[in-house]
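> Once you've had a glance at the structure underneath, I'll fire off some questions.
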Amino acid sequence: MNKFTYVSVNSTDAAIRELDEHDSPKYIAGGTNLLDLMKISVESPDHLIDITHLAFHSIEDTNNGGLRLGALVTNADTAWNEKVEERYPLLSKAILAGASPQLRNMATNGGNLMQRTRCYYFYDKATPCNKREPGSGCSAVNGYNRIHAILGASEQCIATHPSDMCVALAALGATVNITGKNGDRSIPFADFHRLPGDRPDLDNTLDAGDIVTSIDLPTEGFAENFEYLKVRDRASYAFALVSVAVGLKMDGNVITEARLALGGVAHKPWRSIEAEAALTNQVALTENFKKAAEIALEGAKGFGDNTFKIDLAKRAIVRALLKAAKLEEQA
Ligand code: SF4
């Protein structure tokens, strides 16, 4: 680990000022991913700016009937918050599928969005990795790529985004609120994370110095008909091979609105607007769910070890939809 200095700040202005005074500063809150990366020198900030004491610790109703999640609320406090449990159980379930109780007690909502891929090669400095060292190559494309992307990848990088929480936020259509050098702004969740393209070193669309302040959930939480299905190698403390977040609005057995997002398959949470459209105004039937799954995986490409994920994702989508529609027996 490199030497670094540390400061704790009490305002966003102070945080941004600190940023300008150092060569390679980083914000830190829960630190559950950043410290791991620093210990193996994948991240080597010269200055840590602790933003834990900024005023983003509340969960509050918004004027339009939604809910605002403070960026510094822990994942555990978010998942167990009464309003989240009651109105956005899909989000609670997704958060509780991730990491371990200890990590969820420490990790923040903002940090969950900012966590980096768990591609093995990204963590192994003895191997080329375009995300860690742009232009060095991608060890995963022709290497061991069981956990890697099947959608939206590029020749430069086939990494996946590791979050469970973010898959639910993508399905719900959340908004990320940010403050930075140029003031406040909001980014639709679908535009927050990037696909790798030819800049896999960039995970998201934040500008230097930006701080995530909160995440807004829209009014509709799909609390009656939802599912977060996570398929992984062991029952806990493992990242998703494939995960599916589903929210449905139903009128009898007809789906009037559908949300569907996948995790573990792309460089960002992968919401399938096309599959959602295919489900809308359809009867909740296995046959229709299979059609939607085919649509969601259109264009999917395997790289050898991860090709199994294409069929796995299709089956997981059907199963999640059956669960959300309360029709599990049809499977
Ligand atoms: Fe690096 Fe991305 Fe390739 Fe993994 S998949 S080795 S993160 S460039």
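By convention in this document, the chains of the structure tokens carry letters A, B, ... by their order, each chain's residues are numbered from 1, and ligands are numbered from 1 in the order they are shown.
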Can you list every residue of region 40-124 of chain A that has an atom at most 7 Å from region 3-12 of chain A, with its nearest atom pair and the distance in Å to one decimal, using only C-alpha atoms, ordered by chain then number, as CSV?

residue,atom,partner,partner_atom,distance
A:Pro45,CA,A:Phe4,CA,6.6
A:Asp46,CA,A:Phe4,CA,4.4
A:His47,CA,A:Thr5,CA,4.6
A:Leu48,CA,A:Tyr6,CA,4.7
A:Ile49,CA,A:Val7,CA,5.2
A:Asp50,CA,A:Ser8,CA,4.5
A:Ile51,CA,A:Val9,CA,5.9
A:His53,CA,A:Asn10,CA,5.6
A:Leu54,CA,A:Asn10,CA,5.4
> Residues within 8 Å of region 202-208 of chain A, please, as JSON, numbers by chain. Count only C-alpha atoms; anything in the same chain fewer than 2 positions from it doesn't count.
{"A": [116, 131, 180, 191, 192, 193, 194, 195, 196, 199, 200, 210, 267]}
> Just list as a PyMOL selection string whatever in region 3-212 of chain A DSSP marks as helix (DSSP H, G or I).
chain A and resi 12-20+34-39+75-79+82-87+89-96+101-106+109-114+120-123+165-172+189-191
> Can you pull out every residue with an atom within 7 Å of ligand 1? Use only C-alpha atoms and all ligand atoms and format it as a VMD selection string.
chain A and resid 117 119 to 122 128 to 132 137 to 141 148 156 to 159 200
> Export N, CA and C atoms of the chosen residues as a PDB file, in the first residue's frame?

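Result file follows (out.pdb):
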ATOM      1  N   THR A 117     -15.637  -3.531 -10.499  1.00  0.00           N
ATOM      2  CA  THR A 117     -15.848  -4.920 -10.912  1.00  0.00           C
ATOM      3  C   THR A 117     -15.035  -5.889 -10.060  1.00  0.00           C
ATOM      4  N   CYS A 119     -13.812  -8.605 -11.544  1.00  0.00           N
ATOM      5  CA  CYS A 119     -13.000  -9.369 -12.508  1.00  0.00           C
ATOM      6  C   CYS A 119     -11.680  -9.748 -11.849  1.00  0.00           C
ATOM      7  N   TYR A 120     -11.337 -11.056 -11.904  1.00  0.00           N
ATOM      8  CA  TYR A 120     -10.116 -11.520 -11.212  1.00  0.00           C
ATOM      9  C   TYR A 120      -8.882 -10.770 -11.691  1.00  0.00           C
ATOM     10  N   TYR A 121      -8.849 -10.496 -12.994  1.00  0.00           N
ATOM     11  CA  TYR A 121      -7.628  -9.896 -13.562  1.00  0.00           C
ATOM     12  C   TYR A 121      -7.478  -8.429 -13.163  1.00  0.00           C
ATOM     13  N   PHE A 122      -8.601  -7.758 -12.909  1.00  0.00           N
ATOM     14  CA  PHE A 122      -8.541  -6.375 -12.446  1.00  0.00           C
ATOM     15  C   PHE A 122      -7.798  -6.308 -11.101  1.00  0.00           C
ATOM     16  N   PRO A 128      -2.354  -8.196 -17.668  1.00  0.00           N
ATOM     17  CA  PRO A 128      -2.883  -7.014 -18.367  1.00  0.00           C
ATOM     18  C   PRO A 128      -4.356  -6.794 -18.059  1.00  0.00           C
ATOM     19  N   CYS A 129      -4.757  -5.547 -17.983  1.00  0.00           N
ATOM     20  CA  CYS A 129      -6.170  -5.210 -17.738  1.00  0.00           C
ATOM     21  C   CYS A 129      -6.405  -3.769 -18.179  1.00  0.00           C
ATOM     22  N   ASN A 130      -7.239  -3.619 -19.187  1.00  0.00           N
ATOM     23  CA  ASN A 130      -7.523  -2.274 -19.716  1.00  0.00           C
ATOM     24  C   ASN A 130      -8.234  -1.375 -18.711  1.00  0.00           C
ATOM     25  N   LYS A 131      -8.966  -1.955 -17.809  1.00  0.00           N
ATOM     26  CA  LYS A 131      -9.671  -1.138 -16.823  1.00  0.00           C
ATOM     27  C   LYS A 131      -8.686  -0.579 -15.796  1.00  0.00           C
ATOM     28  N   ARG A 132      -7.740  -1.396 -15.380  1.00  0.00           N
ATOM     29  CA  ARG A 132      -6.740  -0.966 -14.394  1.00  0.00           C
ATOM     30  C   ARG A 132      -5.643  -0.147 -15.051  1.00  0.00           C
ATOM     31  N   GLY A 137      -4.353  -4.276 -22.446  1.00  0.00           N
ATOM     32  CA  GLY A 137      -5.008  -5.489 -22.941  1.00  0.00           C
ATOM     33  C   GLY A 137      -6.017  -6.013 -21.941  1.00  0.00           C
ATOM     34  N   CYS A 138      -6.798  -6.988 -22.410  1.00  0.00           N
ATOM     35  CA  CYS A 138      -7.806  -7.607 -21.533  1.00  0.00           C
ATOM     36  C   CYS A 138      -7.466  -9.084 -21.372  1.00  0.00           C
ATOM     37  N   SER A 139      -7.140  -9.481 -20.165  1.00  0.00           N
ATOM     38  CA  SER A 139      -6.765 -10.883 -19.910  1.00  0.00           C
ATOM     39  C   SER A 139      -7.959 -11.821 -19.932  1.00  0.00           C
ATOM     40  N   ALA A 140      -9.147 -11.261 -19.786  1.00  0.00           N
ATOM     41  CA  ALA A 140     -10.330 -12.117 -19.644  1.00  0.00           C
ATOM     42  C   ALA A 140     -10.891 -12.589 -20.980  1.00  0.00           C
ATOM     43  N   VAL A 141     -10.744 -11.788 -22.035  1.00  0.00           N
ATOM     44  CA  VAL A 141     -11.376 -12.131 -23.313  1.00  0.00           C
ATOM     45  C   VAL A 141     -10.956 -13.531 -23.755  1.00  0.00           C
ATOM     46  N   HIS A 148     -17.882 -13.392 -16.424  1.00  0.00           N
ATOM     47  CA  HIS A 148     -17.847 -12.163 -17.226  1.00  0.00           C
ATOM     48  C   HIS A 148     -19.130 -11.917 -18.032  1.00  0.00           C
ATOM     49  N   GLN A 156     -12.388  -4.426 -25.593  1.00  0.00           N
ATOM     50  CA  GLN A 156     -11.491  -3.856 -24.584  1.00  0.00           C
ATOM     51  C   GLN A 156     -11.750  -4.410 -23.187  1.00  0.00           C
ATOM     52  N   CYS A 157     -12.990  -4.807 -22.923  1.00  0.00           N
ATOM     53  CA  CYS A 157     -13.337  -5.225 -21.550  1.00  0.00           C
ATOM     54  C   CYS A 157     -14.655  -5.996 -21.551  1.00  0.00           C
ATOM     55  N   ILE A 158     -14.665  -7.124 -20.812  1.00  0.00           N
ATOM     56  CA  ILE A 158     -15.898  -7.919 -20.694  1.00  0.00           C
ATOM     57  C   ILE A 158     -16.283  -8.077 -19.213  1.00  0.00           C
ATOM     58  N   ALA A 159     -15.918  -7.080 -18.418  1.00  0.00           N
ATOM     59  CA  ALA A 159     -16.209  -7.139 -16.981  1.00  0.00           C
ATOM     60  C   ALA A 159     -17.700  -6.927 -16.720  1.00  0.00           C
ATOM     61  N   PRO A 200     -12.859   1.378 -20.912  1.00  0.00           N
ATOM     62  CA  PRO A 200     -13.296   0.545 -19.787  1.00  0.00           C
ATOM     63  C   PRO A 200     -12.792   1.028 -18.435  1.00  0.00           C
TER      64      PRO A 200
END
> CA of Arg319 (chain A) and CA of Gly173 (chain A) are how many Å apart?
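Straight-line distance from CA of Arg319 (chain A) to CA of Gly173 (chain A) works out to 21.8 Å.
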> Please compute the CA of Gly197 (chain A)-CA of Ile211 (chain A) distance, one decimal, in Å.
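Separating CA of Gly197 (chain A) from CA of Ile211 (chain A) is a distance of 24.1 Å.
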> For Gly247 (chain A), which residue out of A:Met165, A:Ala275, A:Ala171, A:Ala266 is the nearest one, using only C-alpha atoms?
A:Ala171
> Go ahead and compute the interatomic distance for CA of Ala79 (chain A) and CA of Leu248 (chain A), in Å to one decimal.
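Between these atoms lies a distance of 20.3 Å.
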> Extract the full set of strand (DSSP E or B) residues from region 145-301 of chain A according to DSSP on the backbone, and format it as number ranges by chain.
A: 154, 157, 175-180, 183-188, 193, 204, 211-217, 225-231, 242-251, 254-263, 270-271, 283
> Quick one: which region 251-280 of chain A residues come within 10 Å of region 290-304 of chain A, and what is the nearest atom pair for each with the distance in Å to one decimal, counting only C-alpha atoms, rows ordered by chain and ascending number, as JSON lines?

{"residue": "A:Leu260", "atom": "CA", "partner": "A:Ala296", "partner_atom": "CA", "distance": 8.7}
{"residue": "A:Ala261", "atom": "CA", "partner": "A:Ala296", "partner_atom": "CA", "distance": 9.0}
{"residue": "A:Leu262", "atom": "CA", "partner": "A:Ala296", "partner_atom": "CA", "distance": 8.9}
{"residue": "A:Val265", "atom": "CA", "partner": "A:Ala300", "partner_atom": "CA", "distance": 9.1}
{"residue": "A:Ala266", "atom": "CA", "partner": "A:Ala300", "partner_atom": "CA", "distance": 9.9}
{"residue": "A:Trp270", "atom": "CA", "partner": "A:Ala296", "partner_atom": "CA", "distance": 9.2}
{"residue": "A:Arg271", "atom": "CA", "partner": "A:Ala296", "partner_atom": "CA", "distance": 8.6}
{"residue": "A:Ser272", "atom": "CA", "partner": "A:Ala296", "partner_atom": "CA", "distance": 5.7}
{"residue": "A:Ile273", "atom": "CA", "partner": "A:Ala296", "partner_atom": "CA", "distance": 8.4}
{"residue": "A:Glu274", "atom": "CA", "partner": "A:Ile295", "partner_atom": "CA", "distance": 6.8}
{"residue": "A:Ala275", "atom": "CA", "partner": "A:Ala292", "partner_atom": "CA", "distance": 4.8}
{"residue": "A:Glu276", "atom": "CA", "partner": "A:Ala292", "partner_atom": "CA", "distance": 7.5}
{"residue": "A:Ala277", "atom": "CA", "partner": "A:Ala292", "partner_atom": "CA", "distance": 8.7}
{"residue": "A:Ala278", "atom": "CA", "partner": "A:Ala292", "partner_atom": "CA", "distance": 5.9}
{"residue": "A:Leu279", "atom": "CA", "partner": "A:Ala292", "partner_atom": "CA", "distance": 6.4}
> Would you mind exporting all heavy atoms of the selected residues as a CSV table (one decimal), in the first residue's frame?

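result_22.csv, written as the output of this step:
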chain,number,residue,atom,x,y,z
A,260,LEU,N,-37.9,-5.1,-15.9
A,260,LEU,CA,-37.0,-6.3,-15.9
A,260,LEU,C,-35.5,-5.8,-16.1
A,260,LEU,O,-35.2,-5.1,-17.0
A,260,LEU,CB,-37.4,-7.2,-17.0
A,260,LEU,CG,-36.8,-8.6,-16.9
A,260,LEU,CD1,-37.7,-9.6,-17.7
A,260,LEU,CD2,-35.4,-8.7,-17.6
A,261,ALA,N,-34.7,-6.1,-15.1
A,261,ALA,CA,-33.3,-5.8,-15.2
A,261,ALA,C,-32.4,-7.0,-14.8
A,261,ALA,O,-32.9,-7.8,-13.9
A,261,ALA,CB,-32.9,-4.6,-14.3
A,262,LEU,N,-31.3,-7.1,-15.4
A,262,LEU,CA,-30.4,-8.3,-15.1
A,262,LEU,C,-29.1,-7.8,-14.5
A,262,LEU,O,-28.6,-6.7,-14.8
A,262,LEU,CB,-30.0,-9.0,-16.4
A,262,LEU,CG,-31.2,-9.5,-17.3
A,262,LEU,CD1,-30.7,-10.1,-18.6
A,262,LEU,CD2,-31.9,-10.6,-16.5
A,265,VAL,N,-24.4,-9.7,-15.9
A,265,VAL,CA,-24.3,-10.0,-17.3
A,265,VAL,C,-23.6,-8.9,-18.1
A,265,VAL,O,-23.3,-9.1,-19.3
A,265,VAL,CB,-25.7,-10.3,-17.9
A,265,VAL,CG1,-26.3,-11.6,-17.2
A,265,VAL,CG2,-26.6,-9.1,-17.8
A,266,ALA,N,-23.4,-7.8,-17.5
A,266,ALA,CA,-22.9,-6.6,-18.3
A,266,ALA,C,-22.1,-5.7,-17.4
A,266,ALA,O,-22.1,-5.8,-16.2
A,266,ALA,CB,-24.1,-5.9,-19.0
A,270,TRP,N,-28.4,-4.2,-16.4
A,270,TRP,CA,-28.9,-4.3,-17.7
A,270,TRP,C,-30.4,-4.4,-17.7
A,270,TRP,O,-31.0,-5.4,-17.5
A,270,TRP,CB,-28.3,-5.6,-18.4
A,270,TRP,CG,-28.6,-5.7,-19.9
A,270,TRP,CD1,-29.7,-6.3,-20.5
A,270,TRP,CD2,-27.8,-5.2,-20.9
A,270,TRP,NE1,-29.6,-6.2,-21.8
A,270,TRP,CE2,-28.5,-5.5,-22.1
A,270,TRP,CE3,-26.6,-4.5,-21.0
A,270,TRP,CZ2,-28.0,-5.1,-23.4
A,270,TRP,CZ3,-26.1,-4.1,-22.2
A,270,TRP,CH2,-26.8,-4.4,-23.4
A,271,ARG,N,-31.0,-3.2,-17.9
A,271,ARG,CA,-32.5,-3.1,-18.0
A,271,ARG,C,-32.9,-3.4,-19.4
A,271,ARG,O,-32.3,-2.8,-20.4
A,271,ARG,CB,-33.0,-1.8,-17.5
A,271,ARG,CG,-34.5,-1.7,-17.5
A,271,ARG,CD,-35.0,-0.4,-16.9
A,271,ARG,NE,-36.4,-0.2,-17.2
A,271,ARG,CZ,-37.1,0.9,-17.0
A,271,ARG,NH1,-36.5,1.9,-16.4
A,271,ARG,NH2,-38.4,0.9,-17.4
A,272,SER,N,-33.9,-4.3,-19.6
A,272,SER,CA,-34.3,-4.6,-21.0
A,272,SER,C,-35.7,-4.0,-21.2
A,272,SER,O,-36.8,-4.6,-20.9
A,272,SER,CB,-34.4,-6.2,-21.1
A,272,SER,OG,-34.9,-6.4,-22.4
A,273,ILE,N,-35.7,-2.8,-21.8
A,273,ILE,CA,-36.9,-2.1,-22.2
A,273,ILE,C,-37.7,-3.0,-23.2
A,273,ILE,O,-39.0,-3.0,-23.1
A,273,ILE,CB,-36.6,-0.7,-22.8
A,273,ILE,CG1,-35.7,0.1,-21.8
A,273,ILE,CG2,-37.8,0.0,-23.2
A,273,ILE,CD1,-36.5,0.7,-20.7
A,274,GLU,N,-37.0,-3.7,-24.0
A,274,GLU,CA,-37.6,-4.5,-25.1
A,274,GLU,C,-38.4,-5.6,-24.5
A,274,GLU,O,-39.6,-5.9,-24.9
A,274,GLU,CB,-36.6,-5.0,-26.1
A,274,GLU,CG,-35.8,-4.0,-26.8
A,274,GLU,CD,-34.7,-3.3,-26.1
A,274,GLU,OE1,-34.4,-3.8,-25.0
A,274,GLU,OE2,-34.2,-2.3,-26.5
A,275,ALA,N,-37.8,-6.3,-23.5
A,275,ALA,CA,-38.5,-7.4,-22.8
A,275,ALA,C,-39.7,-6.9,-22.0
A,275,ALA,O,-40.8,-7.5,-22.0
A,275,ALA,CB,-37.6,-8.1,-21.9
A,276,GLU,N,-39.5,-5.7,-21.4
A,276,GLU,CA,-40.7,-5.1,-20.7
A,276,GLU,C,-41.8,-4.8,-21.6
A,276,GLU,O,-43.0,-5.1,-21.3
A,276,GLU,CB,-40.2,-3.8,-20.0
A,276,GLU,CG,-39.2,-4.0,-18.9
A,276,GLU,CD,-38.6,-2.7,-18.4
A,276,GLU,OE1,-39.0,-1.6,-18.8
A,276,GLU,OE2,-37.7,-2.7,-17.5
A,277,ALA,N,-41.5,-4.3,-22.8
A,277,ALA,CA,-42.6,-4.0,-23.8
A,277,ALA,C,-43.3,-5.3,-24.2
A,277,ALA,O,-44.5,-5.3,-24.4
A,277,ALA,CB,-42.0,-3.2,-25.0
A,278,ALA,N,-42.5,-6.3,-24.4
A,278,ALA,CA,-43.1,-7.6,-24.8
A,278,ALA,C,-44.0,-8.2,-23.8
A,278,ALA,O,-44.9,-9.0,-24.1
A,278,ALA,CB,-41.9,-8.6,-25.2
A,279,LEU,N,-43.8,-7.9,-22.5
A,279,LEU,CA,-44.6,-8.4,-21.4
A,279,LEU,C,-45.9,-7.6,-21.2
A,279,LEU,O,-46.9,-8.1,-20.7
A,279,LEU,CB,-43.8,-8.4,-20.1
A,279,LEU,CG,-42.7,-9.5,-20.0
A,279,LEU,CD1,-41.7,-9.1,-18.9
A,279,LEU,CD2,-43.3,-10.9,-19.8
> So, with only C-alpha atoms as the atoms that count, which of A:Tyr144, A:Tyr228, A:Tyr123, A:Phe289 lies closest to Ser41 (chain A)?
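Among the listed residues, A:Tyr123 lies closest to Ser41 (chain A).
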> Write out as a list in words each polymer residue whose atoms come within 8 Å of region 85-92 of chain A, counting only C-alpha atoms; drop sequence neighbours fewer than 2 positions from it.
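What passes the distance filter is Thr78, Ala79, Trp80, Asn81, Glu82, Lys83, Ala94, Ile95, Leu96, Met165, Ala168, Leu169, Gly221, Phe222, Ala223, Phe226, Glu227, Tyr228, Ala245, Val246 and Gly247 of chain A.
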> Report as a Markdown table the residues of region 41-135 of chain A within 10 Å of region 174-179 of chain A, each with its shortest atom pair and distance in Å (one decimal), using only C-alpha atoms, ordered by chain and increasing residue number.

| residue | atom | partner | partner_atom | distance |
| --- | --- | --- | --- | --- |
| A:Gly66 | CA | A:Ala174 | CA | 9.7 |
| A:Leu67 | CA | A:Ala174 | CA | 9.7 |
| A:Arg68 | CA | A:Thr175 | CA | 9.4 |
| A:Leu69 | CA | A:Val176 | CA | 9.6 |
| A:Gly70 | CA | A:Asn177 | CA | 9.5 |
| A:Ala71 | CA | A:Asn177 | CA | 8.9 |
| A:Gly110 | CA | A:Val176 | CA | 9.2 |
| A:Leu113 | CA | A:Val176 | CA | 9.5 |
> Store the residues picked out above, limited to all heavy atoms, as a JSON list (two decimals), in the first residue's frame.

[["chain", "number", "residue", "atom", "x", "y", "z"],
["A", 66, "GLY", "N", -42.43, 9.65, -3.97],
["A", 66, "GLY", "CA", -41.34, 8.67, -3.98],
["A", 66, "GLY", "C", -40.57, 8.70, -2.67],
["A", 66, "GLY", "O", -41.05, 9.21, -1.65],
["A", 67, "LEU", "N", -39.37, 8.15, -2.70],
["A", 67, "LEU", "CA", -38.54, 8.08, -1.50],
["A", 67, "LEU", "C", -37.11, 8.46, -1.88],
["A", 67, "LEU", "O", -36.59, 8.01, -2.92],
["A", 67, "LEU", "CB", -38.57, 6.65, -0.95],
["A", 67, "LEU", "CG", -38.19, 6.44, 0.50],
["A", 67, "LEU", "CD1", -39.15, 7.18, 1.46],
["A", 67, "LEU", "CD2", -38.19, 4.94, 0.84],
["A", 68, "ARG", "N", -36.48, 9.29, -1.03],
["A", 68, "ARG", "CA", -35.09, 9.69, -1.26],
["A", 68, "ARG", "C", -34.19, 8.95, -0.28],
["A", 68, "ARG", "O", -34.33, 9.08, 0.93],
["A", 68, "ARG", "CB", -34.94, 11.20, -1.11],
["A", 68, "ARG", "CG", -33.52, 11.70, -1.23],
["A", 68, "ARG", "CD", -33.46, 13.19, -1.49],
["A", 68, "ARG", "NE", -33.99, 13.49, -2.83],
["A", 68, "ARG", "CZ", -34.17, 14.73, -3.28],
["A", 68, "ARG", "NH1", -33.88, 15.77, -2.54],
["A", 68, "ARG", "NH2", -34.65, 14.92, -4.51],
["A", 69, "LEU", "N", -33.22, 8.20, -0.84],
["A", 69, "LEU", "CA", -32.27, 7.44, -0.01],
["A", 69, "LEU", "C", -30.98, 8.22, 0.08],
["A", 69, "LEU", "O", -30.31, 8.44, -0.94],
["A", 69, "LEU", "CB", -31.98, 6.08, -0.66],
["A", 69, "LEU", "CG", -33.16, 5.23, -1.13],
["A", 69, "LEU", "CD1", -32.66, 3.99, -1.87],
["A", 69, "LEU", "CD2", -34.02, 4.84, 0.06],
["A", 70, "GLY", "N", -30.60, 8.65, 1.27],
["A", 70, "GLY", "CA", -29.34, 9.35, 1.44],
["A", 70, "GLY", "C", -28.17, 8.48, 1.00],
["A", 70, "GLY", "O", -28.16, 7.27, 1.23],
["A", 71, "ALA", "N", -27.19, 9.11, 0.37],
["A", 71, "ALA", "CA", -26.05, 8.34, -0.15],
["A", 71, "ALA", "C", -25.22, 7.72, 0.96],
["A", 71, "ALA", "O", -24.51, 6.74, 0.73],
["A", 71, "ALA", "CB", -25.17, 9.24, -1.01],
["A", 110, "GLY", "N", -24.27, 5.22, -1.65],
["A", 110, "GLY", "CA", -23.43, 5.85, -2.68],
["A", 110, "GLY", "C", -22.28, 4.93, -3.07],
["A", 110, "GLY", "O", -21.98, 4.76, -4.26],
["A", 113, "LEU", "N", -23.06, 2.10, -5.49],
["A", 113, "LEU", "CA", -23.06, 2.50, -6.91],
["A", 113, "LEU", "C", -21.64, 2.60, -7.46],
["A", 113, "LEU", "O", -21.41, 2.39, -8.65],
["A", 113, "LEU", "CB", -23.74, 3.87, -7.07],
["A", 113, "LEU", "CG", -25.25, 3.90, -7.29],
["A", 113, "LEU", "CD1", -26.03, 3.24, -6.18],
["A", 113, "LEU", "CD2", -25.72, 5.34, -7.46]]
> Could you check which of A:Glu18, A:Thr280, A:Gly111, A:Arg234 is closest to Val212 (chain A), using only C-alpha atoms?
A:Gly111
